[in-house]
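Next comes entry.txt, a file with compact mmCIF, C-alpha atoms.
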```
# COMPACT_ATOMS: atom_id res chain seq x y z
CA MET A 1 164.10 -123.91 146.48
CA VAL A 2 167.21 -121.77 146.74
CA PRO A 3 167.51 -119.56 143.67
CA LEU A 4 170.52 -120.15 141.51
CA VAL A 5 173.05 -117.32 141.53
CA ALA A 6 175.36 -117.01 138.55
CA SER A 7 178.98 -117.03 139.59
CA VAL A 8 181.18 -114.26 138.32
CA ALA A 9 184.76 -115.19 137.48
CA PRO A 10 187.33 -112.99 139.22
CA PHE A 11 189.23 -110.51 137.09
CA ASP A 12 192.64 -112.17 136.67
CA LEU A 13 195.00 -109.73 134.98
CA VAL A 14 197.90 -112.21 134.93
CA ALA A 15 195.77 -114.75 133.10
CA ILE A 16 194.54 -112.13 130.64
CA GLU A 17 197.95 -110.64 129.89
CA GLY A 18 200.26 -113.61 130.36
CA ALA A 19 199.70 -115.39 127.07
CA ARG A 20 199.84 -112.15 125.09
CA VAL A 21 203.19 -111.07 126.50
CA MET A 22 204.72 -114.51 126.14
CA ARG A 23 203.84 -114.51 122.44
CA ALA A 24 205.40 -111.08 121.98
CA VAL A 25 208.74 -111.79 123.64
CA SER A 26 209.56 -114.78 121.49
CA ALA A 27 211.10 -112.29 119.05
CA TYR A 28 212.39 -109.76 121.58
CA ALA A 29 214.58 -112.27 123.41
CA LYS A 30 216.89 -112.53 120.40
CA SER A 31 216.57 -109.22 118.56
CA PRO A 32 219.65 -106.95 118.64
CA ILE A 33 219.84 -104.16 121.22
CA ARG A 34 220.38 -100.80 119.58
CA THR A 35 220.63 -97.45 121.36
CA ILE A 36 220.77 -93.96 119.90
CA THR A 37 224.57 -94.12 119.66
CA ALA A 38 224.22 -96.47 116.69
CA ILE A 39 221.96 -94.05 114.78
CA ALA A 40 223.52 -91.03 113.10
CA ALA A 41 221.58 -87.78 113.43
CA PRO A 42 223.09 -85.47 110.78
CA ARG A 43 221.28 -82.32 111.94
CA SER A 44 221.96 -82.80 115.65
CA PRO A 45 224.19 -80.13 117.23
CA ALA A 46 225.32 -82.50 119.99
CA THR A 47 227.17 -85.80 120.48
CA ARG A 48 226.09 -89.28 119.50
CA HIS A 49 225.09 -89.87 123.14
CA ASP A 50 222.57 -87.00 123.03
CA TYR A 51 219.00 -87.70 122.04
CA TYR A 52 217.78 -85.74 119.04
CA SER A 53 214.39 -85.57 117.32
CA GLU A 54 212.52 -83.17 115.05
CA ALA A 55 209.11 -81.60 115.40
CA ASP A 56 206.16 -83.64 114.18
CA TYR A 57 203.92 -80.97 112.76
CA TRP A 58 206.49 -78.69 111.11
CA TRP A 59 207.06 -78.75 107.34
CA PRO A 60 209.13 -76.98 104.68
CA ASP A 61 207.59 -73.65 103.74
CA PRO A 62 206.52 -73.76 100.05
CA ALA A 63 206.83 -69.98 99.91
CA HIS A 64 210.42 -70.04 101.18
CA PRO A 65 212.24 -73.21 100.06
CA GLY A 66 215.21 -73.90 102.30
CA GLY A 67 213.91 -71.49 104.95
CA PRO A 68 212.54 -72.17 108.42
CA HIS A 69 209.85 -74.84 108.67
CA VAL A 70 206.21 -73.85 109.27
CA ARG A 71 203.52 -75.53 111.38
CA ARG A 72 200.68 -77.74 110.12
CA ASP A 73 199.05 -78.89 113.34
CA GLY A 74 198.05 -82.54 113.39
CA PHE A 75 199.85 -83.51 110.18
CA SER A 76 203.06 -85.45 110.85
CA ASN A 77 205.95 -84.69 108.51
CA PRO A 78 207.28 -88.05 107.25
CA ALA A 79 210.65 -86.47 106.32
CA LYS A 80 211.55 -85.46 109.88
CA PHE A 81 214.38 -87.28 111.65
CA ASP A 82 212.81 -90.06 113.72
CA GLY A 83 215.76 -92.41 114.21
CA HIS A 84 216.33 -91.75 117.91
CA ARG A 85 212.65 -91.66 118.77
CA ASP A 86 212.00 -94.90 116.90
CA ALA A 87 214.82 -96.55 118.86
CA LEU A 88 213.42 -95.19 122.12
CA ILE A 89 209.94 -96.50 121.27
CA ARG A 90 211.35 -99.91 120.44
CA PHE A 91 213.21 -99.92 123.75
CA GLY A 92 209.97 -98.91 125.48
CA ILE A 93 208.17 -101.83 123.87
CA GLU A 94 210.72 -104.62 124.17
CA MET A 95 212.34 -104.13 127.57
CA PRO A 96 209.07 -103.85 129.56
CA ALA A 97 207.67 -106.85 127.71
CA LEU A 98 210.75 -108.90 128.64
CA ALA A 99 210.45 -107.87 132.29
CA THR A 100 206.75 -108.78 132.26
CA ALA A 101 207.54 -112.15 130.68
CA TRP A 102 210.04 -112.86 133.44
CA PHE A 103 207.47 -111.86 136.07
CA VAL A 104 204.89 -114.23 134.55
CA SER A 105 207.19 -117.17 133.80
CA ARG A 106 210.25 -116.69 136.07
CA ARG A 107 212.44 -117.81 133.18
CA PRO A 108 215.83 -116.18 133.88
CA HIS A 109 216.73 -115.41 130.28
CA PHE A 110 213.90 -112.88 130.01
CA ALA A 111 215.19 -110.94 133.02
CA LEU A 112 218.76 -111.14 131.76
CA ARG A 113 217.72 -109.77 128.38
CA ALA A 114 215.75 -106.96 129.99
CA ALA A 115 218.82 -106.10 132.08
CA ALA A 116 220.96 -106.09 128.93
CA HIS A 117 218.70 -103.41 127.44
CA LEU A 118 219.03 -101.31 130.59
CA ARG A 119 222.79 -101.70 130.64
CA ALA A 120 223.12 -100.57 127.03
CA TRP A 121 220.83 -97.54 127.34
CA PHE A 122 221.78 -96.28 130.79
CA VAL A 123 225.04 -97.79 132.05
CA ASP A 124 227.56 -98.79 129.36
CA PRO A 125 229.74 -95.71 128.56
CA ALA A 126 229.97 -96.73 124.92
CA THR A 127 226.23 -96.92 124.22
CA ARG A 128 224.36 -95.01 126.96
CA MET A 129 222.12 -92.03 126.31
CA ASN A 130 222.90 -88.84 128.18
CA PRO A 131 220.25 -88.03 130.82
CA ASP A 132 218.74 -84.88 129.34
CA LEU A 133 216.55 -83.95 126.38
CA SER A 134 217.93 -80.60 125.31
CA HIS A 135 217.66 -81.41 121.61
CA ALA A 136 214.24 -83.03 121.28
CA GLN A 137 211.62 -81.94 118.72
CA ALA A 138 213.82 -79.33 117.08
CA ILE A 139 212.30 -77.14 114.38
CA ILE A 140 214.52 -76.93 111.32
CA GLY A 141 215.66 -73.38 110.74
CA VAL A 142 214.21 -72.19 114.05
CA ASN A 143 215.90 -73.99 116.97
CA THR A 144 217.89 -77.08 117.96
CA GLY A 145 215.43 -78.38 120.54
CA ARG A 146 212.35 -77.43 122.55
CA ALA A 147 211.01 -78.06 126.02
CA ILE A 148 207.94 -79.78 124.62
CA GLY A 149 210.28 -82.45 123.24
CA ILE A 150 210.41 -83.82 126.78
CA ILE A 151 207.25 -85.70 125.87
CA ASP A 152 209.49 -88.10 123.89
CA THR A 153 210.73 -89.77 127.07
CA LEU A 154 207.19 -90.76 127.92
CA GLN A 155 208.29 -93.87 126.04
CA ILE A 156 210.52 -94.90 128.96
CA VAL A 157 207.95 -94.50 131.72
CA GLU A 158 207.21 -98.21 131.44
CA VAL A 159 210.94 -98.93 131.30
CA ALA A 160 211.18 -97.35 134.75
CA CYS A 161 208.19 -99.38 135.95
CA ALA A 162 209.86 -102.52 134.61
CA ALA A 163 213.17 -101.70 136.30
CA HIS A 164 211.29 -101.12 139.54
CA LEU A 165 209.66 -104.54 139.25
CA LEU A 166 213.01 -106.24 138.56
CA ALA A 167 214.49 -104.51 141.60
CA ARG A 168 211.59 -105.38 143.92
CA HIS A 169 211.71 -109.05 142.98
CA ASP A 170 215.50 -109.51 142.85
CA ALA A 171 215.42 -110.52 139.19
CA PRO A 172 218.47 -112.31 137.77
CA GLY A 173 221.07 -109.91 136.39
CA TYR A 174 219.57 -106.75 137.80
CA ALA A 175 221.68 -106.29 140.92
CA ALA A 176 224.83 -105.79 138.83
CA ILE A 177 223.38 -102.77 137.01
CA ARG A 178 220.91 -101.37 139.53
CA ARG A 179 223.20 -98.62 140.81
CA GLY A 180 223.92 -97.39 137.30
CA VAL A 181 220.26 -97.47 136.25
CA ASP A 182 219.22 -95.60 139.37
CA ARG A 183 221.95 -93.03 138.80
CA TRP A 184 220.70 -92.35 135.26
CA PHE A 185 217.10 -91.91 136.32
CA ARG A 186 218.08 -89.79 139.32
CA GLU A 187 220.08 -87.46 137.07
CA TYR A 188 217.31 -87.30 134.49
CA LEU A 189 214.71 -86.60 137.18
CA ASP A 190 216.89 -83.77 138.47
CA TRP A 191 217.02 -82.36 134.93
CA LEU A 192 213.25 -82.74 134.47
CA THR A 193 212.46 -80.91 137.67
CA GLY A 194 215.35 -78.44 137.82
CA SER A 195 216.17 -77.29 134.28
CA ALA A 196 214.51 -74.38 132.53
CA ALA A 197 213.19 -76.74 129.85
CA GLY A 198 211.79 -79.10 132.47
CA ARG A 199 210.02 -76.32 134.33
CA GLN A 200 208.59 -74.99 131.08
CA GLU A 201 207.18 -78.41 130.17
CA ARG A 202 205.85 -78.86 133.71
CA ASP A 203 203.78 -75.70 133.29
CA GLN A 204 202.15 -76.69 130.01
CA ARG A 205 198.39 -76.81 130.52
CA ASN A 206 197.56 -79.65 128.13
CA ASN A 207 198.81 -83.23 127.66
CA HIS A 208 202.44 -82.07 127.79
CA GLY A 209 202.02 -81.11 131.45
CA SER A 210 200.37 -84.48 132.13
CA CYS A 211 203.20 -86.35 130.44
CA TRP A 212 205.80 -84.45 132.45
CA LEU A 213 203.93 -85.41 135.61
CA LEU A 214 203.71 -89.11 134.72
CA GLN A 215 207.43 -89.20 134.01
CA VAL A 216 208.22 -87.62 137.37
CA ALA A 217 205.92 -90.13 139.07
CA ALA A 218 207.48 -93.17 137.41
CA PHE A 219 211.09 -92.05 137.72
CA GLY A 220 210.58 -90.79 141.27
CA ALA A 221 209.03 -94.10 142.30
CA LEU A 222 211.97 -96.03 140.84
CA VAL A 223 214.65 -94.05 142.70
CA GLY A 224 212.63 -93.49 145.88
CA ASN A 225 212.39 -89.71 145.58
CA ASP A 226 209.53 -89.09 148.02
CA GLU A 227 209.71 -85.31 147.62
CA ALA A 228 209.17 -85.57 143.86
CA LEU A 229 206.22 -87.91 144.43
CA ARG A 230 204.62 -85.57 146.97
CA ASP A 231 205.03 -82.62 144.62
CA ALA A 232 203.53 -84.64 141.76
CA ARG A 233 200.46 -85.56 143.83
CA THR A 234 199.96 -81.92 144.77
CA ARG A 235 200.36 -80.77 141.19
CA LEU A 236 197.86 -83.33 139.92
CA VAL A 237 195.08 -82.18 142.26
CA ASP A 238 195.89 -78.47 142.42
CA GLN A 239 196.88 -77.76 138.82
CA ILE A 240 196.25 -80.51 136.29
CA ILE A 241 192.78 -81.77 137.15
CA PRO A 242 191.29 -78.27 137.66
CA THR A 243 192.73 -76.89 134.41
CA GLN A 244 192.48 -79.90 132.08
CA ILE A 245 189.15 -81.51 132.97
CA ALA A 246 185.82 -79.69 132.58
CA THR A 247 182.88 -80.17 134.93
CA ASP A 248 181.28 -82.59 132.44
CA GLY A 249 184.47 -84.70 132.28
CA SER A 250 185.60 -83.50 128.85
CA GLN A 251 189.13 -82.25 128.20
CA PRO A 252 188.68 -78.89 126.43
CA LEU A 253 192.37 -78.36 125.65
CA GLU A 254 192.52 -81.71 123.87
CA LEU A 255 189.16 -81.20 122.13
CA ALA A 256 190.55 -77.96 120.66
CA ARG A 257 193.25 -79.84 118.74
CA THR A 258 193.03 -81.19 115.20
CA LYS A 259 193.01 -84.71 116.65
CA PRO A 260 190.48 -84.29 119.47
CA TYR A 261 189.53 -87.97 119.80
CA GLY A 262 193.06 -89.34 119.85
CA TYR A 263 194.39 -86.60 122.11
CA SER A 264 191.52 -87.02 124.59
CA LEU A 265 192.20 -90.75 124.79
CA PHE A 266 195.95 -90.24 125.06
CA ASN A 267 195.79 -87.65 127.82
CA LEU A 268 193.24 -89.68 129.75
CA ASP A 269 195.57 -92.70 129.67
CA VAL A 270 198.41 -90.55 130.98
CA LEU A 271 196.25 -89.13 133.79
CA ALA A 272 195.11 -92.64 134.68
CA GLY A 273 198.72 -93.80 134.83
CA ALA A 274 199.51 -90.93 137.18
CA CYS A 275 196.59 -91.89 139.42
CA ARG A 276 197.80 -95.48 139.44
CA LEU A 277 201.35 -94.58 140.45
CA LEU A 278 200.61 -91.72 142.84
CA SER A 279 197.47 -92.84 144.65
CA ILE A 280 197.62 -93.82 148.28
CA LYS A 281 194.91 -96.45 148.79
CA GLY A 282 193.16 -95.15 145.69
CA HIS A 283 192.66 -91.62 146.99
CA LEU A 284 193.34 -89.90 143.67
CA TRP A 285 190.60 -91.87 141.95
CA ARG A 286 188.14 -90.57 144.53
CA PHE A 287 189.44 -87.00 144.43
CA GLN A 288 187.30 -84.31 142.83
CA THR A 289 187.43 -80.53 142.85
CA ALA A 290 184.75 -78.47 144.55
CA ASP A 291 182.89 -78.23 141.24
CA GLY A 292 183.21 -81.94 140.45
CA ARG A 293 186.22 -82.24 138.11
CA SER A 294 188.03 -85.58 138.39
CA VAL A 295 189.92 -88.25 136.47
CA ALA A 296 187.05 -90.61 137.27
CA LYS A 297 184.61 -88.24 135.55
CA ALA A 298 186.97 -87.88 132.58
CA THR A 299 186.96 -91.66 132.22
CA ALA A 300 183.18 -91.77 132.43
CA PHE A 301 182.99 -89.06 129.75
CA MET A 302 185.16 -90.98 127.25
CA ALA A 303 183.91 -94.53 127.93
CA PRO A 304 180.78 -94.27 125.73
CA PHE A 305 182.87 -92.96 122.83
CA ILE A 306 185.33 -95.82 123.27
CA ARG A 307 182.45 -98.28 123.27
CA ASP A 308 180.91 -96.72 120.17
CA LYS A 309 183.00 -94.19 118.27
CA ALA A 310 180.01 -93.37 116.07
CA LEU A 311 178.63 -91.41 119.04
CA TRP A 312 181.57 -88.97 118.95
CA PRO A 313 179.92 -85.53 118.59
CA TYR A 314 183.07 -83.51 117.94
CA THR A 315 185.32 -83.00 114.93
CA LYS A 316 187.00 -86.14 113.63
CA ASP A 317 190.78 -86.33 113.85
CA VAL A 318 192.63 -85.17 110.74
CA GLU A 319 194.76 -88.33 110.93
CA HIS A 320 194.27 -91.85 112.33
CA PHE A 321 190.66 -91.41 113.47
CA ALA A 322 189.93 -94.91 112.15
CA ASP A 323 192.84 -96.42 114.11
CA PHE A 324 191.47 -95.68 117.59
CA PRO A 325 190.40 -96.85 120.12
CA VAL A 326 192.83 -99.52 121.32
CA ARG A 327 193.09 -101.23 124.70
CA HIS A 328 193.32 -98.01 126.69
CA PRO A 329 194.76 -98.47 130.20
CA SER A 330 192.48 -95.75 131.56
CA LEU A 331 189.58 -98.23 131.38
CA LEU A 332 191.58 -100.89 133.20
CA PHE A 333 193.05 -98.69 135.92
CA ALA A 334 189.80 -96.82 136.56
CA GLY A 335 187.76 -100.01 136.32
CA GLN A 336 189.85 -101.71 138.98
CA ALA A 337 190.05 -98.70 141.29
CA LEU A 338 186.37 -97.76 141.04
CA ASP A 339 184.89 -101.27 140.77
CA ARG A 340 183.49 -100.80 137.28
CA PRO A 341 183.23 -104.24 135.67
CA ASP A 342 181.67 -102.63 132.58
CA TRP A 343 184.87 -100.67 131.95
CA LEU A 344 186.97 -103.78 132.53
CA ALA A 345 184.85 -105.74 130.06
CA LEU A 346 185.20 -102.96 127.48
CA TRP A 347 188.97 -102.89 128.02
CA ARG A 348 189.20 -106.62 127.36
CA ARG A 349 187.38 -106.28 124.03
CA LEU A 350 189.86 -103.79 122.58
CA ASP A 351 193.04 -104.41 120.56
CA PRO A 352 196.06 -104.67 122.90
CA ASP A 353 198.67 -104.67 120.13
CA PRO A 354 198.14 -101.90 117.57
CA ARG A 355 200.31 -101.96 114.46
CA VAL A 356 200.06 -98.34 113.25
CA ALA A 357 203.22 -96.45 114.22
CA GLU A 358 201.44 -93.24 115.24
CA VAL A 359 199.04 -95.20 117.45
CA ILE A 360 201.91 -97.09 119.08
CA ARG A 361 203.65 -93.78 119.84
CA ASN A 362 200.54 -92.53 121.61
CA PHE A 363 199.98 -95.79 123.52
CA PRO A 364 202.90 -95.81 125.99
CA ILE A 365 201.26 -97.97 128.70
CA ARG A 366 201.41 -101.40 127.10
CA GLN A 367 202.20 -103.79 129.97
CA PRO A 368 199.69 -103.27 132.80
CA LEU A 369 201.23 -106.04 134.91
CA LEU A 370 204.15 -103.69 135.56
CA TRP A 371 201.89 -101.11 137.22
CA PRO A 372 201.45 -101.93 140.91
CA GLU A 373 197.87 -102.10 142.11
CA GLU A 374 197.02 -99.63 144.86
```
Re-express the file's structure as structure tokens.
Amino acid sequence: MVPLVASVAPFDLVAIEGARVMRAVSAYAKSPIRTITAIAAPRSPATRHDYYSEADYWWPDPAHPGGPHVRRDGFSNPAKFDGHRDALIRFGIEMPALATAWFVSRRPHFALRAAAHLRAWFVDPATRMNPDLSHAQAIIGVNTGRAIGIIDTLQIVEVACAAHLLARHDAPGYAAIRRGVDRWFREYLDWLTGSAAGRQERDQRNNHGSCWLLQVAAFGALVGNDEALRDARTRLVDQIIPTQIATDGSQPLELARTKPYGYSLFNLDVLAGACRLLSIKGHLWRFQTADGRSVAKATAFMAPFIRDKALWPYTKDVEHFADFPVRHPSLLFAGQALDRPDWLALWRRLDPDPRVAEVIRNFPIRQPLLWPEE
């Protein structure tokens, strides 16, 4: 008798994600499009077309009322100006979801609505955002913007992935705005890589350096900047992996923060996104330093703590420890690249649509169908 062999269903990402995204876009297809130009920023030193945000962890100094703000790491100040960042996050949620819905259903109105978002944010002179971030994460009483504020445009990494998908598949409505969208991202990429603020953020050793890299990868891929992509690959293997990942797979610079669990998950997702975009036939997933540091090992380190947070042996986060984990793309991207069905199964069990604002902000890869498989 021939023994029975249990069949294993193939991993079908479109089937898994399709129904979820179609439910989400039922509201997005009709909601108003609002860019930063519609949101007054009273403390901004620039124009209404210039993005402005204020530092998360900086608070009024009780000892000096009205003086410069002081830092309380890990504790977000609810009184800071968040209007532009909230609009950018909403854009980063809705537009990629609409593009994904068009990809799944081929219903033209989803593509047209996605293109309308892109036109408003990047093309229309009346509503577009200027392509630099000189006034992001300002500290009241100290400065009018900081290089580390560049992390705010992590929220449009998936917007770039979505625009790239619309371009590759000749989506309805995209040809009319493609040149303008590409021009915006080309100018912003030039600012990211060429400005003093961009270079300073590039050289950050923790998640800020990772987020700079992922932005360069996504924006470079969209506009076909092969030099930027080559430089990003080199930086990932020569600088980021050796300095951010320990030989056991932990991320010491993230573990040192007041939110070690959330920051470790966040940075791992960003590194996984970079591997996904920059790998050539999966080579970055297989890369390791001479002493064994790798993104694959970092994923293996965090997977048990995603599966069972009670195992976490480090300090608990000062905020939102109970709100993680969610459906982290690091498990999906690594699981597919490294043939780890256990990581894929774990990914499927997690919440794909968190509701807590701080979690959403630190969960910028929300539509995995937009990320091309290697």
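Proximity to Asp351 (chain A) was assessed for A:Asp50, A:Glu373, A:Asp182, A:Asp323 counting all atoms listed in the file; the smallest distance is recorded for A:Asp323.
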| query | Counting all atoms listed in the file, what is within 10 Å of Trp102 (chain A), bar same-chain residues fewer than 3 positions away, as a list in words? | reply | Val21, Met22, Val25, Pro96, Ala97, Leu98, Ala99, Ser105, Arg106, Arg107, Pro108, His109, Phe110, Ala111, Leu112, Arg113, Ala114, Leu166, Ala171 and Pro172 of chain A
| field | Point-to-point distance in Å for CA of Tyr263 (chain A) and CA of His135 (chain A) | value | 23.8 Å
| note | CA of Leu284 (chain A) sits from CA of Ala296 (chain A) at a separation of 9.0 Å
| Coordinates-based distance that separates CA of Asn143 (chain A) from CA of Pro60 (chain A) (Å, one decimal) |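 CA of Asn143 (chain A) lies 14.3 Å from CA of Pro60 (chain A).
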| field | Nearest residue to Gly335 (chain A) from the set A:Ala300, A:Ala126, A:Leu255, A:Ala136 (distances using all atoms listed in the file) | value |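 Going through A:Ala300, A:Ala126, A:Leu255, A:Ala136 one by one, the smallest distance to Gly335 (chain A) is for A:Ala300.
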| said: I'd like the neighbourhood of region 64-78 of chain A as a PyMOL selection string, where a residue qualifies if any of its atoms comes within 6 Å (using all atoms listed in the file), though same-chain residues fewer than 3 positions away should be ignored. | reply: chain A and resi 56-61+140-142+258
| Contacts of Thr37 (chain A) at 7 Å or less, counting all atoms listed in the file, minus same-chain residues fewer than 3 places along, as a ChimeraX atom specification? | /A:48-49,127
Export, as an mmCIF file, in the coordinates of the input, the selected residues with C-alpha atoms.
```cif
data_model
loop_
_atom_site.group_PDB
_atom_site.id
_atom_site.type_symbol
_atom_site.label_atom_id
_atom_site.label_comp_id
_atom_site.auth_asym_id
_atom_site.auth_seq_id
_atom_site.Cartn_x
_atom_site.Cartn_y
_atom_site.Cartn_z
ATOM 1 C CA ARG A 48 226.090 -89.280 119.500
ATOM 2 C CA HIS A 49 225.090 -89.870 123.140
ATOM 3 C CA THR A 127 226.230 -96.920 124.220
#
```
| Using only C-alpha atoms, which residue out of A:Pro329, A:Pro260, A:Gly92, A:Gly292 lies closest to Tyr314 (chain A)? |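 Ranked by minimum distance to Tyr314 (chain A), first place goes to A:Pro260.
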| task | Give the answer as one residue: which of A:Val356, A:Ala196, A:Leu271, A:Leu331 has the shortest atom-to-atom distance to Ala232 (chain A), using all atoms listed in the file? | result | A:Leu271
| Proximity to Phe122 (chain A) - best of A:Arg85, A:His328, A:Arg183, A:Arg146, only C-alpha atoms | A:Arg183
Using only C-alpha atoms, find each residue of region 75-194 of chain A with at least one atom at most 9 Å away from an atom of region 199-212 of chain A; report its shortest atom-to-atom pair and that distance in Å (one decimal), sort the rows by chain and rising residue number, and return the result as JSON lines.
```
{"residue": "A:Ala147", "atom": "CA", "partner": "A:Glu201", "partner_atom": "CA", "distance": 5.7}
{"residue": "A:Ile148", "atom": "CA", "partner": "A:Glu201", "partner_atom": "CA", "distance": 5.8}
{"residue": "A:Gly149", "atom": "CA", "partner": "A:Glu201", "partner_atom": "CA", "distance": 8.6}
{"residue": "A:Ile150", "atom": "CA", "partner": "A:Glu201", "partner_atom": "CA", "distance": 7.2}
{"residue": "A:Ile151", "atom": "CA", "partner": "A:Cys211", "partner_atom": "CA", "distance": 6.1}
{"residue": "A:Thr153", "atom": "CA", "partner": "A:Cys211", "partner_atom": "CA", "distance": 8.9}
{"residue": "A:Leu154", "atom": "CA", "partner": "A:Cys211", "partner_atom": "CA", "distance": 6.5}
{"residue": "A:Leu192", "atom": "CA", "partner": "A:Arg199", "partner_atom": "CA", "distance": 7.2}
{"residue": "A:Thr193", "atom": "CA", "partner": "A:Arg199", "partner_atom": "CA", "distance": 6.2}
{"residue": "A:Gly194", "atom": "CA", "partner": "A:Arg199", "partner_atom": "CA", "distance": 6.7}
```
| request: Could you give me, as a list in words, the residues that sit within 9 Å of (196.3, -90.9, 124.6) in the file's coordinates, counting only C-alpha atoms? | output: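 Nearby residues: Asn207, Tyr261, Gly262, Tyr263, Ser264, Leu265, Phe266, Asn267, Leu268, Asp269, Val270, His328, Val359, Asn362, Phe363 and Pro364 of chain A.
Nearest residue to Ala163 (chain A) among A:His117, A:Arg43, A:Arg235, A:Arg128 is A:His117, counting all atoms listed in the file.
For region 338-345 of chain A, the residues within 8 Å (counting all atoms listed in the file, excluding itself and residues fewer than 4 positions away along the chain) are A:Trp285, A:Ala303, A:Leu331, A:Leu332, A:Ala334, A:Arg349.
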Kindly complete region 208-214 of chain A to all heavy atoms; the output should be written as a short mmCIF file (atom, residue, chain, number, x, y, z; two decimals), keeping the file's coordinate frame.
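Generated file (rebuild33.cif):
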```
data_model
loop_
_atom_site.label_atom_id
_atom_site.label_comp_id
_atom_site.auth_asym_id
_atom_site.auth_seq_id
_atom_site.Cartn_x
_atom_site.Cartn_y
_atom_site.Cartn_z
N HIS A 208 201.00 -82.15 127.51
CA HIS A 208 202.44 -82.07 127.79
C HIS A 208 202.69 -81.97 129.30
O HIS A 208 203.62 -82.59 129.82
CB HIS A 208 203.05 -80.88 127.05
CG HIS A 208 203.33 -81.17 125.62
ND1 HIS A 208 204.53 -81.66 125.18
CD2 HIS A 208 202.54 -81.06 124.53
CE1 HIS A 208 204.49 -81.84 123.87
NE2 HIS A 208 203.29 -81.48 123.45
N GLY A 209 201.88 -81.18 130.00
CA GLY A 209 202.02 -81.11 131.45
C GLY A 209 201.70 -82.44 132.11
O GLY A 209 202.35 -82.84 133.09
N SER A 210 200.72 -83.16 131.59
CA SER A 210 200.37 -84.48 132.13
C SER A 210 201.51 -85.46 131.93
O SER A 210 201.83 -86.25 132.82
CB SER A 210 199.11 -85.03 131.43
OG SER A 210 198.04 -84.13 131.48
N CYS A 211 202.11 -85.42 130.74
CA CYS A 211 203.20 -86.35 130.44
C CYS A 211 204.44 -86.07 131.28
O CYS A 211 205.15 -87.00 131.69
CB CYS A 211 203.52 -86.32 128.95
SG CYS A 211 202.21 -86.98 127.91
N TRP A 212 204.71 -84.78 131.53
CA TRP A 212 205.80 -84.45 132.45
C TRP A 212 205.51 -85.06 133.83
O TRP A 212 206.39 -85.67 134.45
CB TRP A 212 205.93 -82.93 132.55
CG TRP A 212 206.99 -82.46 133.50
CD1 TRP A 212 208.29 -82.16 133.19
CD2 TRP A 212 206.87 -82.23 134.92
NE1 TRP A 212 208.98 -81.77 134.32
CE2 TRP A 212 208.13 -81.80 135.40
CE3 TRP A 212 205.82 -82.36 135.82
CZ2 TRP A 212 208.36 -81.50 136.75
CZ3 TRP A 212 206.04 -82.05 137.15
CH2 TRP A 212 207.29 -81.62 137.61
N LEU A 213 204.29 -84.91 134.29
CA LEU A 213 203.93 -85.41 135.61
C LEU A 213 204.08 -86.93 135.69
O LEU A 213 204.61 -87.46 136.68
CB LEU A 213 202.49 -85.01 135.94
CG LEU A 213 202.04 -85.42 137.35
CD1 LEU A 213 202.34 -84.30 138.33
CD2 LEU A 213 200.56 -85.75 137.38
N LEU A 214 203.62 -87.65 134.68
CA LEU A 214 203.71 -89.11 134.72
C LEU A 214 205.16 -89.56 134.73
O LEU A 214 205.53 -90.52 135.42
CB LEU A 214 202.97 -89.73 133.53
CG LEU A 214 202.94 -91.26 133.50
CD1 LEU A 214 202.28 -91.83 134.76
CD2 LEU A 214 202.23 -91.76 132.25
#
```
